[in-house]
Amino acid sequence: MASIIDDLKRSYQSGNMVTRLIFINVGVFVALSLLRVFGFFYQSEVLSSFIPWIAGTSNWETMLFRPWTIVSYMFVHEGLWHLFFNMIMLWFSGRLFGDLLGDKRMVAVYIYGGIAGFLLYFFAYNLFPVFSGSNSIIIGASASVIAILVAIATYSPNMVIRLVLIGNIQLKWIAIFFVALDVLFLDGGNSGGRLAHLGGALLGFSYAKSLQGGKDWATGFNSFADSFVDLFKRKPKMRVASSKRPSKKSKGPFSSEKKKSSGTAEQKKIDEILDKISQSGYDSLSKAEKEYLFNASNKK
């Protein structure tokens, strides 16, 4: 058992942010499942009592006292199929997003998309007469996942993806298909969930357009996240500083001229890889090109 836990720890620590998000979602699902089994043996409604503390709700009075649920709800799933579908979509869209725009931006869009999805759901349930008197809850990563999908599809709409049984298809049509489903069946079952999906989709679209315009909304989130993580890092007790400084006339291997040249060459290679993805799809990349793109994205 200990070796299994160690293997999971290593997989989590060595994996990218898509892998880590999947681990978190699966971990929460397993924990809640164990809680349900516990309640079954002891004839307790412990799970039913606990879910309202982590699920989002349309009741504004409840949200006033449980504001954290605007984030916690996007890591909670009610069934295995619900979890499986969302994690498959997260792996698919998150991998593409991370390779092109970086893992840190992907996590920011995951959180932003979940929040945007909740807000559209919340205000719709409190403003439109059709939902009058409803007191529903919302859970799941769907809004976050569709935000990532729509964002990368908006940023690189003509990227070609090879799907089983379908063949090559441009990424924009995959995103349009899922958004269209939510619009067409909005008046059917799970209206709250579909509203959340549309909120996430709007966020993803807006983020990609903003990024193309030179504004990166993820910067603020990443700065906050880095500061939060730094609080739990051990700080060195002593710092050793060198009194020697390189000469301004030095033209060694770390001179500013060579750094600039190196950066330009790296960006040129990245652009060539991205062009190849747009023309032939991600699967057309060689192993070395995928690894190069992944390493470059982690520097962003």
# chains A, B, ... in the order shown; residues from 1 in each chain; ligands from 1

call {"tool": "closest_atom_pairs", "arguments": {"of": "range 75-122 of chain A", "to": "range 131-140 of chain A", "cutoff": "12 Å", "atoms": "only C-alpha atoms", "output": "CSV"}}
result
residue,atom,partner,partner_atom,distance
A:Phe75,CA,A:Gly140,CA,6.0
A:Val76,CA,A:Gly140,CA,5.1
A:His77,CA,A:Gly140,CA,5.0
A:Glu78,CA,A:Ile139,CA,7.5
A:Gly79,CA,A:Gly140,CA,9.9
A:Leu80,CA,A:Gly140,CA,11.5
A:Trp81,CA,A:Gly140,CA,11.5
A:His82,CA,A:Gly140,CA,7.7
A:Leu83,CA,A:Gly140,CA,7.8
A:Phe84,CA,A:Gly140,CA,11.1
A:Phe85,CA,A:Gly140,CA,10.6
A:Asn86,CA,A:Gly140,CA,8.0
A:Met87,CA,A:Gly140,CA,10.4
A:Leu90,CA,A:Gly140,CA,11.9
A:Tyr110,CA,A:Gly140,CA,11.9
A:Gly113,CA,A:Gly140,CA,11.9
A:Gly114,CA,A:Gly140,CA,8.9
A:Ile115,CA,A:Gly140,CA,11.8
A:Gly117,CA,A:Ile138,CA,10.0
A:Phe118,CA,A:Ile138,CA,8.0
A:Leu119,CA,A:Ile138,CA,11.2
A:Leu120,CA,A:Ile138,CA,11.8
A:Tyr121,CA,A:Ile138,CA,8.6
A:Phe122,CA,A:Ile138,CA,9.5

call {"tool": "residues_around", "arguments": {"residues": "Met159 in chain A", "least_positions_apart": "2", "cutoff": "12 Å", "atoms": "only C-alpha atoms", "output": "VMD selection string"}}
result
chain A and resid 96 to 97 100 152 to 157 161 to 162 168 to 175 273 to 284

call {"tool": "closest_residue", "arguments": {"among": "A:Asp187, A:Met74, A:Phe294, A:Asp99", "to": "Gly200 in chain A", "atoms": "only C-alpha atoms"}}
result
A:Met74

call {"tool": "residues_around", "arguments": {"residues": "range 205-222 of chain A", "least_positions_apart": "2", "cutoff": "9 Å", "atoms": "only C-alpha atoms", "output": "list of chain:residue names"}}
result
A:Lys104, A:Arg105, A:Met106, A:Val107, A:Ala108, A:Val109, A:Tyr112, A:Ala147, A:Val150, A:Ala151, A:Ile152, A:Ala153, A:Thr154, A:Tyr155, A:Gly200, A:Ala201, A:Leu202, A:Leu203, A:Phe224, A:Ala225, A:Asp226, A:Ser227

call {"tool": "write_last_selection", "arguments": {"atoms": "N, CA and C atoms", "output": "compact mmCIF listing (two decimals), in the first residue's frame"}}
result
# COMPACT_ATOMS: atom_id res chain seq x y z
N LYS A 104 0.66 27.32 -16.59
CA LYS A 104 0.18 28.29 -15.60
C LYS A 104 -1.05 29.03 -16.11
N ARG A 105 -1.03 29.38 -17.38
CA ARG A 105 -2.21 30.03 -17.96
C ARG A 105 -3.40 29.08 -17.97
N MET A 106 -3.12 27.80 -18.22
CA MET A 106 -4.19 26.81 -18.26
C MET A 106 -4.90 26.70 -16.90
N VAL A 107 -4.13 26.69 -15.82
CA VAL A 107 -4.73 26.61 -14.48
C VAL A 107 -5.56 27.86 -14.20
N ALA A 108 -5.06 29.02 -14.60
CA ALA A 108 -5.81 30.26 -14.40
C ALA A 108 -7.14 30.22 -15.13
N VAL A 109 -7.15 29.74 -16.37
CA VAL A 109 -8.39 29.65 -17.14
C VAL A 109 -9.33 28.62 -16.51
N TYR A 112 -10.77 30.59 -13.51
CA TYR A 112 -11.61 31.68 -14.03
C TYR A 112 -12.87 31.14 -14.69
N ALA A 147 -14.16 26.08 -20.67
CA ALA A 147 -13.45 27.36 -20.78
C ALA A 147 -12.08 27.14 -21.42
N VAL A 150 -12.64 26.16 -25.25
CA VAL A 150 -13.02 27.30 -26.10
C VAL A 150 -11.86 28.28 -26.21
N ALA A 151 -11.10 28.45 -25.13
CA ALA A 151 -9.97 29.38 -25.17
C ALA A 151 -8.93 28.96 -26.21
N ILE A 152 -8.54 27.69 -26.18
CA ILE A 152 -7.51 27.24 -27.13
C ILE A 152 -8.08 27.16 -28.54
N ALA A 153 -9.36 26.85 -28.67
CA ALA A 153 -9.99 26.81 -30.00
C ALA A 153 -10.11 28.21 -30.58
N THR A 154 -10.31 29.21 -29.73
CA THR A 154 -10.37 30.60 -30.19
C THR A 154 -8.99 31.11 -30.56
N TYR A 155 -8.00 30.72 -29.76
CA TYR A 155 -6.63 31.18 -29.99
C TYR A 155 -6.02 30.54 -31.24
N GLY A 200 -18.57 29.44 -18.70
CA GLY A 200 -17.18 29.06 -18.91
C GLY A 200 -16.73 29.31 -20.34
N ALA A 201 -17.61 29.00 -21.30
CA ALA A 201 -17.28 29.21 -22.71
C ALA A 201 -17.05 30.69 -23.01
N LEU A 202 -17.89 31.56 -22.45
CA LEU A 202 -17.72 33.00 -22.65
C LEU A 202 -16.40 33.48 -22.08
N LEU A 203 -16.03 32.94 -20.93
CA LEU A 203 -14.76 33.31 -20.31
C LEU A 203 -13.59 32.87 -21.19
N PHE A 224 -0.63 35.85 -7.65
CA PHE A 224 -1.25 35.51 -6.37
C PHE A 224 -0.92 34.07 -5.98
N ALA A 225 -1.02 33.15 -6.94
CA ALA A 225 -0.74 31.74 -6.66
C ALA A 225 0.71 31.53 -6.24
N ASP A 226 1.64 32.21 -6.92
CA ASP A 226 3.05 32.07 -6.57
C ASP A 226 3.32 32.62 -5.18
N SER A 227 2.68 33.75 -4.84
CA SER A 227 2.86 34.34 -3.51
C SER A 227 2.31 33.42 -2.43

call {"tool": "select_by_dssp", "arguments": {"residues": "range 48-164 of chain A", "states": "alpha helix (DSSP H)", "output": "ChimeraX atom specification"}}
result
/A:48-50,60-65,69-72,80-101,103-127,142-155

call {"tool": "atom_distance", "arguments": {"atom1": "CA of Gly102 in chain A", "atom2": "CA of Met89 in chain A"}}
result
17.5 Å

call {"tool": "residues_around", "arguments": {"residues": "Ile54 in chain A", "least_positions_apart": "3", "cutoff": "9 Å", "atoms": "only C-alpha atoms", "output": "list in words"}}
result
Phe50, Ile51, Arg66, Trp68, Thr69, Ile70, Val71, Ser72, Tyr73, Phe75, Val76 and Ile139 of chain A

call {"tool": "closest_atom_pairs", "arguments": {"of": "range 133-228 of chain A", "to": "range 13-35 of chain A", "cutoff": "12 Å", "atoms": "only C-alpha atoms", "output": "CSV"}}
result
residue,atom,partner,partner_atom,distance
A:Ile139,CA,A:Phe29,CA,11.6
A:Gly140,CA,A:Asn25,CA,9.1
A:Ala141,CA,A:Asn25,CA,8.4
A:Ser142,CA,A:Asn25,CA,11.7
A:Ser144,CA,A:Leu21,CA,11.1
A:Val145,CA,A:Val18,CA,10.8
A:Ile148,CA,A:Val18,CA,11.1

call {"tool": "write_last_selection", "arguments": {"atoms": "C-alpha atoms", "output": "mmCIF file, in the first residue's frame"}}
result
data_model
loop_
_atom_site.group_PDB
_atom_site.id
_atom_site.type_symbol
_atom_site.label_atom_id
_atom_site.label_comp_id
_atom_site.auth_asym_id
_atom_site.auth_seq_id
_atom_site.Cartn_x
_atom_site.Cartn_y
_atom_site.Cartn_z
ATOM 1 C CA ILE A 139 -21.020 20.724 -8.906
ATOM 2 C CA GLY A 140 -18.474 19.580 -11.480
ATOM 3 C CA ALA A 141 -15.528 20.810 -13.540
ATOM 4 C CA SER A 142 -17.527 21.178 -16.767
ATOM 5 C CA SER A 144 -13.740 25.029 -16.206
ATOM 6 C CA VAL A 145 -13.057 22.389 -18.857
ATOM 7 C CA ILE A 148 -10.073 25.754 -21.574
#

call {"tool": "atom_distance", "arguments": {"atom1": "CA of Trp91 in chain A", "atom2": "CA of Gly189 in chain A"}}
result
26.1 Å
